[in-house]
$ cat start31.cif   # mmCIF, C-alpha atoms
data_coords
loop_
_atom_site.group_PDB
_atom_site.id
_atom_site.type_symbol
_atom_site.label_atom_id
_atom_site.label_comp_id
_atom_site.auth_asym_id
_atom_site.auth_seq_id
_atom_site.Cartn_x
_atom_site.Cartn_y
_atom_site.Cartn_z
ATOM 1 C CA MET A 149 27.259 13.743 -3.291
ATOM 2 C CA THR A 150 24.423 13.273 -5.793
ATOM 3 C CA PRO A 151 25.639 11.869 -9.135
ATOM 4 C CA ASP A 152 25.049 13.878 -12.314
ATOM 5 C CA LEU A 153 22.360 11.764 -13.998
ATOM 6 C CA PRO A 154 20.869 12.165 -17.468
ATOM 7 C CA PRO A 155 17.190 13.218 -17.623
ATOM 8 C CA LEU A 156 14.815 10.308 -17.044
ATOM 9 C CA ARG A 157 13.063 10.897 -20.365
ATOM 10 C CA GLU A 158 16.436 10.513 -22.096
ATOM 11 C CA VAL A 159 17.078 7.232 -20.291
ATOM 12 C CA ILE A 160 13.651 5.905 -21.248
ATOM 13 C CA ALA A 161 14.113 6.903 -24.893
ATOM 14 C CA ARG A 162 17.596 5.371 -25.033
ATOM 15 C CA HIS A 163 16.330 2.038 -23.717
ATOM 16 C CA GLY A 164 13.145 2.134 -25.809
ATOM 17 C CA LEU A 165 10.882 1.859 -22.760
ATOM 18 C CA SER A 166 7.147 2.428 -22.673
ATOM 19 C CA ALA A 167 4.666 1.859 -19.864
ATOM 20 C CA SER A 168 3.060 -1.590 -19.969
ATOM 21 C CA LYS A 169 -0.698 -1.589 -19.475
ATOM 22 C CA ALA A 170 -0.577 -5.307 -18.678
ATOM 23 C CA LEU A 171 1.791 -4.610 -15.760
ATOM 24 C CA GLY A 172 -0.233 -1.618 -14.533
ATOM 25 C CA GLN A 173 2.635 0.799 -15.235
ATOM 26 C CA ASN A 174 2.436 4.588 -15.373
ATOM 27 C CA PHE A 175 5.702 6.532 -15.299
ATOM 28 C CA LEU A 176 6.363 9.724 -13.312
ATOM 29 C CA PHE A 177 8.957 12.196 -14.621
ATOM 30 C CA ASP A 178 8.458 15.276 -12.414
ATOM 31 C CA GLY A 179 11.552 15.393 -10.189
ATOM 32 C CA GLN A 180 10.019 17.837 -7.690
ATOM 33 C CA LEU A 181 6.907 15.699 -7.306
ATOM 34 C CA LEU A 182 9.001 12.567 -6.817
ATOM 35 C CA ALA A 183 11.132 14.347 -4.203
ATOM 36 C CA ARG A 184 7.944 15.300 -2.313
ATOM 37 C CA ILE A 185 6.849 11.661 -2.281
ATOM 38 C CA ALA A 186 10.277 10.540 -1.052
ATOM 39 C CA ALA A 187 10.054 13.081 1.781
ATOM 40 C CA ILE A 188 6.746 11.756 3.182
ATOM 41 C CA PRO A 189 8.274 9.056 5.453
ATOM 42 C CA GLY A 190 10.651 11.631 6.972
ATOM 43 C CA ASP A 191 14.448 11.714 6.966
ATOM 44 C CA LEU A 192 15.711 8.769 4.902
ATOM 45 C CA THR A 193 19.426 9.380 5.407
ATOM 46 C CA ASP A 194 21.007 5.900 5.624
ATOM 47 C CA ALA A 195 17.540 4.356 5.988
ATOM 48 C CA GLU A 196 16.583 1.100 4.277
ATOM 49 C CA VAL A 197 13.747 1.414 1.760
ATOM 50 C CA LEU A 198 11.811 -1.185 -0.210
ATOM 51 C CA GLU A 199 10.429 -0.047 -3.549
ATOM 52 C CA VAL A 200 8.097 -2.249 -5.584
ATOM 53 C CA GLY A 201 7.794 -1.677 -9.310
ATOM 54 C CA PRO A 202 10.430 1.036 -9.831
ATOM 55 C CA GLY A 203 10.105 0.883 -13.619
ATOM 56 C CA PRO A 204 12.814 3.064 -15.158
ATOM 57 C CA GLY A 205 13.706 4.459 -11.709
ATOM 58 C CA GLY A 206 12.044 7.863 -11.313
ATOM 59 C CA LEU A 207 11.060 7.436 -7.656
ATOM 60 C CA THR A 208 14.218 5.370 -7.095
ATOM 61 C CA ARG A 209 16.295 8.428 -8.027
ATOM 62 C CA ALA A 210 14.413 10.570 -5.512
ATOM 63 C CA LEU A 211 14.854 7.995 -2.732
ATOM 64 C CA LEU A 212 18.572 7.646 -3.425
ATOM 65 C CA ALA A 213 18.986 11.424 -3.535
ATOM 66 C CA ALA A 214 17.290 11.545 -0.117
ATOM 67 C CA GLY A 215 20.061 9.322 1.247
ATOM 68 C CA ALA A 216 18.235 5.992 1.372
ATOM 69 C CA SER A 217 19.616 2.541 0.662
ATOM 70 C CA VAL A 218 17.038 1.122 -1.734
ATOM 71 C CA THR A 219 16.042 -2.453 -2.500
ATOM 72 C CA ALA A 220 13.879 -2.446 -5.622
ATOM 73 C CA ILE A 221 11.779 -5.378 -6.865
ATOM 74 C CA GLU A 222 11.048 -5.209 -10.589
ATOM 75 C CA ARG A 223 9.442 -7.901 -12.744
ATOM 76 C CA ASP A 224 9.704 -6.041 -16.064
ATOM 77 C CA ARG A 225 13.035 -7.128 -17.554
ATOM 78 C CA ARG A 226 12.954 -4.220 -20.008
ATOM 79 C CA CYS A 227 13.585 -1.812 -17.095
ATOM 80 C CA LEU A 228 16.597 -3.650 -15.669
ATOM 81 C CA PRO A 229 19.265 -1.963 -17.853
ATOM 82 C CA ALA A 230 18.057 1.518 -16.809
ATOM 83 C CA LEU A 231 18.074 0.446 -13.157
ATOM 84 C CA ALA A 232 21.552 -1.039 -13.607
ATOM 85 C CA GLU A 233 22.786 2.432 -14.601
ATOM 86 C CA LEU A 234 21.407 3.776 -11.310
ATOM 87 C CA GLU A 235 23.098 0.938 -9.423
ATOM 88 C CA ALA A 236 26.413 1.962 -10.964
ATOM 89 C CA ALA A 237 25.866 5.663 -10.237
ATOM 90 C CA TYR A 238 24.926 5.014 -6.581
ATOM 91 C CA SER A 239 27.490 2.348 -5.746
ATOM 92 C CA GLY A 240 26.336 0.162 -2.863
ATOM 93 C CA LYS A 241 23.101 2.120 -2.323
ATOM 94 C CA LEU A 242 20.773 0.322 -4.741
ATOM 95 C CA ARG A 243 19.974 -3.379 -4.951
ATOM 96 C CA VAL A 244 17.686 -4.513 -7.780
ATOM 97 C CA ILE A 245 15.879 -7.836 -7.541
ATOM 98 C CA GLU A 246 14.166 -9.210 -10.616
ATOM 99 C CA GLY A 247 10.925 -10.877 -9.638
ATOM 100 C CA ASP A 248 7.240 -10.634 -8.822
ATOM 101 C CA ALA A 249 6.651 -8.764 -5.549
ATOM 102 C CA LEU A 250 3.750 -11.115 -4.788
ATOM 103 C CA GLU A 251 6.224 -14.020 -4.781
ATOM 104 C CA VAL A 252 9.366 -12.428 -3.284
ATOM 105 C CA ASP A 253 9.870 -12.883 0.485
ATOM 106 C CA ALA A 254 10.366 -9.168 1.159
ATOM 107 C CA PRO A 255 10.968 -9.357 4.957
ATOM 108 C CA ALA A 256 13.869 -11.761 4.369
ATOM 109 C CA LEU A 257 15.660 -9.087 2.327
ATOM 110 C CA PHE A 258 16.260 -6.850 5.342
ATOM 111 C CA ALA A 259 18.123 -7.137 8.616
ATOM 112 C CA GLY A 260 16.219 -4.159 10.058
ATOM 113 C CA ARG A 261 12.802 -2.618 9.450
ATOM 114 C CA PRO A 262 12.640 -0.733 6.131
ATOM 115 C CA HIS A 263 10.271 1.958 4.971
ATOM 116 C CA VAL A 264 8.211 0.858 1.983
ATOM 117 C CA VAL A 265 7.888 3.605 -0.625
ATOM 118 C CA SER A 266 6.319 2.724 -3.966
ATOM 119 C CA ASN A 267 4.314 3.933 -6.902
ATOM 120 C CA LEU A 268 2.562 0.582 -6.891
ATOM 121 C CA PRO A 269 1.479 -1.061 -10.131
ATOM 122 C CA TYR A 270 -2.310 -0.668 -10.161
ATOM 123 C CA ASN A 271 -2.961 -4.355 -10.750
ATOM 124 C CA VAL A 272 -1.215 -5.616 -7.577
ATOM 125 C CA GLY A 273 -1.399 -2.638 -5.217
ATOM 126 C CA THR A 274 -4.313 -3.731 -3.031
ATOM 127 C CA ALA A 275 -3.100 -7.340 -2.783
ATOM 128 C CA LEU A 276 0.327 -6.175 -1.609
ATOM 129 C CA LEU A 277 -1.178 -3.746 0.915
ATOM 130 C CA VAL A 278 -3.368 -6.448 2.486
ATOM 131 C CA ARG A 279 -0.333 -8.743 2.707
ATOM 132 C CA TRP A 280 1.727 -6.057 4.438
ATOM 133 C CA LEU A 281 -1.114 -5.205 6.821
ATOM 134 C CA SER A 282 -1.534 -8.870 7.759
ATOM 135 C CA ALA A 283 2.101 -9.198 8.851
ATOM 136 C CA ASP A 284 3.009 -10.153 12.402
ATOM 137 C CA TRP A 285 2.865 -7.111 14.684
ATOM 138 C CA GLN A 286 4.966 -5.035 15.111
ATOM 139 C CA PRO A 287 5.426 -5.521 11.370
ATOM 140 C CA TRP A 288 8.685 -5.939 9.485
ATOM 141 C CA TRP A 289 8.235 -2.446 7.952
ATOM 142 C CA GLN A 290 8.486 0.980 9.626
ATOM 143 C CA SER A 291 6.007 2.775 7.400
ATOM 144 C CA LEU A 292 4.184 2.417 4.094
ATOM 145 C CA THR A 293 4.140 5.302 1.601
ATOM 146 C CA LEU A 294 2.163 4.033 -1.346
ATOM 147 C CA MET A 295 0.637 5.461 -4.501
ATOM 148 C CA PHE A 296 -2.857 4.180 -5.329
ATOM 149 C CA GLN A 297 -5.750 5.126 -7.500
ATOM 150 C CA ARG A 298 -7.566 7.875 -5.600
ATOM 151 C CA GLU A 299 -10.607 5.634 -5.139
ATOM 152 C CA VAL A 300 -8.516 2.951 -3.425
ATOM 153 C CA ALA A 301 -6.735 5.546 -1.264
ATOM 154 C CA GLU A 302 -10.111 6.854 -0.081
ATOM 155 C CA ARG A 303 -11.175 3.323 0.851
ATOM 156 C CA ILE A 304 -8.035 2.902 2.989
ATOM 157 C CA VAL A 305 -8.608 6.072 5.043
ATOM 158 C CA ALA A 306 -12.431 6.009 5.034
ATOM 159 C CA THR A 307 -14.473 6.649 8.167
ATOM 160 C CA THR A 308 -17.676 4.974 9.354
ATOM 161 C CA ASP A 309 -20.887 5.737 7.464
ATOM 162 C CA SER A 310 -19.092 6.860 4.304
ATOM 163 C CA ASP A 311 -19.554 5.180 0.928
ATOM 164 C CA ALA A 312 -15.849 4.280 0.810
ATOM 165 C CA TYR A 313 -15.813 2.652 4.274
ATOM 166 C CA GLY A 314 -15.290 -1.083 4.142
ATOM 167 C CA ARG A 315 -13.002 -4.004 4.866
ATOM 168 C CA LEU A 316 -9.870 -2.228 3.635
ATOM 169 C CA ALA A 317 -10.426 0.692 6.034
ATOM 170 C CA VAL A 318 -10.808 -1.639 9.023
ATOM 171 C CA LEU A 319 -7.721 -3.685 8.135
ATOM 172 C CA ALA A 320 -5.664 -0.506 7.641
ATOM 173 C CA GLN A 321 -6.865 1.303 10.752
ATOM 174 C CA TRP A 322 -7.353 -1.230 13.538
ATOM 175 C CA ARG A 323 -3.673 -1.233 14.500
ATOM 176 C CA SER A 324 -2.145 1.511 12.347
ATOM 177 C CA SER A 325 -2.890 5.077 11.295
ATOM 178 C CA ALA A 326 -3.543 5.898 7.660
ATOM 179 C CA ARG A 327 -3.770 9.260 5.924
ATOM 180 C CA ILE A 328 -3.728 10.638 2.413
ATOM 181 C CA ALA A 329 -0.421 12.502 2.274
ATOM 182 C CA MET A 330 -0.884 14.047 -1.174
ATOM 183 C CA ASN A 331 -3.013 13.873 -4.295
ATOM 184 C CA VAL A 332 -1.430 13.352 -7.707
ATOM 185 C CA HIS A 333 -3.177 14.549 -10.860
ATOM 186 C CA ARG A 334 -3.487 12.085 -13.727
ATOM 187 C CA SER A 335 -1.599 14.508 -15.978
ATOM 188 C CA ALA A 336 1.586 13.907 -13.949
ATOM 189 C CA PHE A 337 1.898 10.399 -15.405
ATOM 190 C CA THR A 338 3.055 9.076 -18.753
ATOM 191 C CA PRO A 339 0.781 7.784 -20.128
ATOM 192 C CA PRO A 340 -1.952 9.580 -18.118
ATOM 193 C CA PRO A 341 -4.245 7.030 -16.439
ATOM 194 C CA LYS A 342 -8.005 7.483 -16.616
ATOM 195 C CA VAL A 343 -8.199 8.089 -12.855
ATOM 196 C CA MET A 344 -6.642 10.399 -10.269
ATOM 197 C CA SER A 345 -4.081 9.049 -7.807
ATOM 198 C CA ALA A 346 -3.124 9.664 -4.197
ATOM 199 C CA VAL A 347 -0.249 8.767 -1.891
ATOM 200 C CA VAL A 348 -1.236 7.057 1.359
ATOM 201 C CA HIS A 349 1.050 7.051 4.398
ATOM 202 C CA ILE A 350 0.534 4.284 6.973
ATOM 203 C CA VAL A 351 2.342 4.039 10.311
ATOM 204 C CA PRO A 352 1.929 0.985 12.581
ATOM 205 C CA GLY A 353 0.542 1.411 16.067
ATOM 206 C CA GLU A 354 -0.136 -0.927 18.960
ATOM 207 C CA GLN A 355 -2.227 -4.014 18.313
ATOM 208 C CA PRO A 356 -5.337 -4.267 20.538
ATOM 209 C CA GLU A 357 -5.025 -7.139 22.972
ATOM 210 C CA GLY A 358 -6.958 -10.356 22.501
ATOM 211 C CA VAL A 359 -7.594 -9.937 18.764
ATOM 212 C CA ALA A 360 -6.178 -12.130 16.014
ATOM 213 C CA PHE A 361 -5.853 -10.732 12.502
ATOM 214 C CA ALA A 362 -7.410 -13.886 11.026
ATOM 215 C CA LYS A 363 -10.591 -13.400 13.074
ATOM 216 C CA LEU A 364 -10.913 -9.746 12.150
ATOM 217 C CA GLU A 365 -10.280 -10.525 8.495
ATOM 218 C CA ARG A 366 -12.972 -13.222 8.440
ATOM 219 C CA LEU A 367 -15.430 -10.993 10.264
ATOM 220 C CA THR A 368 -14.963 -8.034 7.938
ATOM 221 C CA ALA A 369 -14.984 -10.231 4.827
ATOM 222 C CA ALA A 370 -18.406 -11.589 5.829
ATOM 223 C CA ALA A 371 -19.809 -8.231 6.949
ATOM 224 C CA PHE A 372 -18.748 -6.248 3.892
ATOM 225 C CA GLY A 373 -19.184 -9.122 1.444
ATOM 226 C CA GLN A 374 -22.919 -8.529 1.871
ATOM 227 C CA ARG A 375 -22.756 -4.896 2.965
ATOM 228 C CA ARG A 376 -26.359 -4.062 2.070
ATOM 229 C CA LYS A 377 -27.681 -6.808 4.332
ATOM 230 C CA MET A 378 -28.242 -6.452 8.041
ATOM 231 C CA LEU A 379 -25.528 -7.872 10.283
ATOM 232 C CA ARG A 380 -27.819 -10.675 11.453
ATOM 233 C CA GLN A 381 -27.768 -11.948 7.870
ATOM 234 C CA SER A 382 -24.236 -11.134 6.728
ATOM 235 C CA LEU A 383 -22.566 -12.568 9.847
ATOM 236 C CA LYS A 384 -24.512 -15.834 10.030
ATOM 237 C CA SER A 385 -21.596 -17.680 8.450
ATOM 238 C CA VAL A 386 -19.147 -16.626 11.177
ATOM 239 C CA PRO A 387 -19.384 -18.905 14.236
ATOM 240 C CA GLY A 388 -20.083 -16.906 17.392
ATOM 241 C CA ALA A 389 -20.639 -13.601 15.575
ATOM 242 C CA LEU A 390 -24.346 -13.219 16.358
ATOM 243 C CA GLU A 391 -23.704 -13.902 20.047
ATOM 244 C CA ALA A 392 -20.844 -11.380 19.956
ATOM 245 C CA LEU A 393 -23.201 -8.709 18.567
ATOM 246 C CA GLU A 394 -25.395 -9.138 21.622
ATOM 247 C CA LYS A 395 -22.455 -9.094 24.046
ATOM 248 C CA VAL A 396 -20.979 -5.931 22.540
ATOM 249 C CA GLY A 397 -24.395 -4.276 22.315
ATOM 250 C CA ILE A 398 -24.557 -3.806 18.550
ATOM 251 C CA ASP A 399 -28.021 -3.899 17.001
ATOM 252 C CA PRO A 400 -28.080 -6.857 14.561
ATOM 253 C CA ALA A 401 -30.352 -4.807 12.290
ATOM 254 C CA ARG A 402 -27.454 -2.441 11.508
ATOM 255 C CA ARG A 403 -25.352 -2.712 8.361
ATOM 256 C CA ALA A 404 -21.588 -3.133 8.187
ATOM 257 C CA GLU A 405 -20.812 0.429 7.055
ATOM 258 C CA THR A 406 -22.255 1.790 10.334
ATOM 259 C CA VAL A 407 -19.941 -0.291 12.546
ATOM 260 C CA SER A 408 -16.774 1.503 13.651
ATOM 261 C CA VAL A 409 -13.277 0.050 13.553
ATOM 262 C CA ALA A 410 -13.314 -0.109 17.360
ATOM 263 C CA ASP A 411 -16.592 -2.056 17.323
ATOM 264 C CA PHE A 412 -15.241 -4.543 14.761
ATOM 265 C CA VAL A 413 -12.249 -5.045 17.063
ATOM 266 C CA ALA A 414 -14.593 -5.618 20.009
ATOM 267 C CA LEU A 415 -16.600 -8.173 18.008
ATOM 268 C CA ALA A 416 -13.466 -10.039 16.949
ATOM 269 C CA ARG A 417 -12.310 -10.124 20.568
ATOM 270 C CA CYS A 418 -15.625 -11.691 21.639
ATOM 271 C CA ILE A 419 -15.654 -14.409 18.999
#
$ encode --input "start31.cif" --output "structure tokens"
Amino acid sequence: MTPDLPPLREVIARHGLSASKALGQNFLFDGQLLARIAAIPGDLTDAEVLEVGPGPGGLTRALLAAGASVTAIERDRRCLPALAELEAAYSGKLRVIEGDALEVDAPALFAGRPHVVSNLPYNVGTALLVRWLSADWQPWWQSLTLMFQREVAERIVATTDSDAYGRLAVLAQWRSSARIAMNVHRSAFTPPPKVMSAVVHIVPGEQPEGVAFAKLERLTAAAFGQRRKMLRQSLKSVPGALEALEKVGIDPARRAETVSVADFVALARCI
């Protein structure tokens, strides 16, 4: 049974909360929108969920209402009293950990494989995503449902030969599938950010054989670090890369944005 909770705006006013620009916070109040985000991973009844940066608990409410057991990591101490009220209302279903998500050992918090569902703080979102994508495979998480700036979301799902295609697309797509599940208008947030947002849903797949993440990461960092240069120039710093281009049959005069995810995987396998 869902507890009878006071409106989120009332909770925020009572605790004197405001979004911190320094922490990359933007609050969402629309209950229907939050419920739609919580529904993206599928049925969460009795499922474990990790939420990073819950703030006053808008998305947390939606996840709990969907039946999830939520572990929330929050570094802003001002939000802890509001989250404590949710803990009391959903006895045994919410665990709040005060700390920086970049420093907390998230996998150690779970016995099983949780879904990660978060309206990520803008200033740490990409760093957390890369960390989660670099996990041992199969990863410790079942799926990632993450809110980003629209520009970052487009980089995650980008295809070859598009302006947004780069290292983040390769790292997200070489052993998982990524899609934009929904767009979120800036007006939905308080305060409204200057940019549009989007929710990305990522599901892990099989890892190609004979490829180490570290090799692929180094290869893509070099290739896209000098993306306007030809591969023969940008990949000179990676031992064995120029020979791998020849073996795979990729013209060294091409640029990184023309090389598909599959071809980057083939190059990494050859190195």
$ closest_residue --input "start31.cif" --among "A:Glu365, A:Ser382, A:Glu235, A:Lys241" --to "Thr193 of chain A" --atoms "all atoms listed in the file"
A:Lys241
$ residues_around --input "start31.cif" --residues "Glu394 of chain A" --least-positions-apart "3" --cutoff "12 Å" --atoms "only C-alpha atoms" --output "count of residues only"
15
$ resolve_selection --input "start31.cif" --expression "the PyMOL selection byres ((chain A and resi 210) around 9)" --output "NGL selection string"
:A and (179-180 or 182-187 or 205-209 or 211-215)
$ atom_distance --input "start31.cif" --atom1 "atom CA of Ala329 of chain A" --atom2 "atom CA of Leu294 of chain A"
9.6 Å
$ resolve_selection --input "start31.cif" --expression "the PyMOL selection byres ((chain A and resi 218) around 7)" --output "PDB file with C-alpha atoms, in the coordinates of the input"
ATOM      1  CA  GLU A 196      16.583   1.100   4.277  1.00  0.00           C
ATOM      2  CA  VAL A 197      13.747   1.414   1.760  1.00  0.00           C
ATOM      3  CA  LEU A 198      11.811  -1.185  -0.210  1.00  0.00           C
ATOM      4  CA  GLU A 199      10.429  -0.047  -3.549  1.00  0.00           C
ATOM      5  CA  LEU A 212      18.572   7.646  -3.425  1.00  0.00           C
ATOM      6  CA  ALA A 216      18.235   5.992   1.372  1.00  0.00           C
ATOM      7  CA  SER A 217      19.616   2.541   0.662  1.00  0.00           C
ATOM      8  CA  THR A 219      16.042  -2.453  -2.500  1.00  0.00           C
ATOM      9  CA  ALA A 220      13.879  -2.446  -5.622  1.00  0.00           C
ATOM     10  CA  LYS A 241      23.101   2.120  -2.323  1.00  0.00           C
ATOM     11  CA  LEU A 242      20.773   0.322  -4.741  1.00  0.00           C
ATOM     12  CA  ARG A 243      19.974  -3.379  -4.951  1.00  0.00           C
TER      13      ARG A 243
END
$ atom_distance --input "start31.cif" --atom1 "atom CA of Gln355 of chain A" --atom2 "atom CA of Ala283 of chain A"
11.6 Å
$ resolve_selection --input "start31.cif" --expression "the PyMOL selection byres ((chain A and resi 322-328) around 6)" --output "ChimeraX atom specification"
/A:305,318-319,321,329-330,347-355
$ residues_around --input "start31.cif" --residues "segment 246-262 of chain A" --least-positions-apart "3" --cutoff "12 Å" --atoms "all atoms listed in the file" --output "VMD selection string"
chain A and resid 171 189 192 194 to 203 216 to 229 231 to 232 243 265 to 266 268 to 269 271 to 280 283 to 284 286 to 293 352
$ atom_distance --input "start31.cif" --atom1 "atom CA of Val264 of chain A" --atom2 "atom CA of Gly164 of chain A"
28.3 Å
$ closest_residue --input "start31.cif" --among "A:Met378, A:Thr368, A:Arg303, A:Arg162" --to "Ala416 of chain A" --atoms "only C-alpha atoms"
A:Thr368
$ closest_residue --input "start31.cif" --among "A:Val386, A:Ala236, A:Ala410, A:Ala360" --to "Thr308 of chain A" --atoms "all atoms listed in the file"
A:Ala410
$ residues_around --input "start31.cif" --residues "Ser166 of chain A" --least-positions-apart "5" --cutoff "10 Å" --atoms "only C-alpha atoms" --output "tab-separated table (two decimals) with C-alpha atoms, in the coordinates of the input"
chain	number	residue	atom	x	y	z
A	160	ILE	CA	13.65	5.90	-21.25
A	161	ALA	CA	14.11	6.90	-24.89
A	173	GLN	CA	2.64	0.80	-15.24
A	174	ASN	CA	2.44	4.59	-15.37
A	175	PHE	CA	5.70	6.53	-15.30
A	203	GLY	CA	10.10	0.88	-13.62
A	204	PRO	CA	12.81	3.06	-15.16
A	226	ARG	CA	12.95	-4.22	-20.01
A	227	CYS	CA	13.58	-1.81	-17.10
A	338	THR	CA	3.06	9.08	-18.75
A	339	PRO	CA	0.78	7.78	-20.13
$ closest_residue --input "start31.cif" --among "A:Ala320, A:Leu176, A:Ala237, A:Ala369" --to "Met295 of chain A" --atoms "all atoms listed in the file"
A:Leu176
$ closest_residue --input "start31.cif" --among "A:Arg403, A:Val413, A:Leu393, A:Phe361" --to "Lys377 of chain A" --atoms "only C-alpha atoms"
A:Arg403
$ closest_residue --input "start31.cif" --among "A:Arg298, A:Arg375, A:His263, A:Arg157" --to "Ser345 of chain A" --atoms "only C-alpha atoms"
A:Arg298
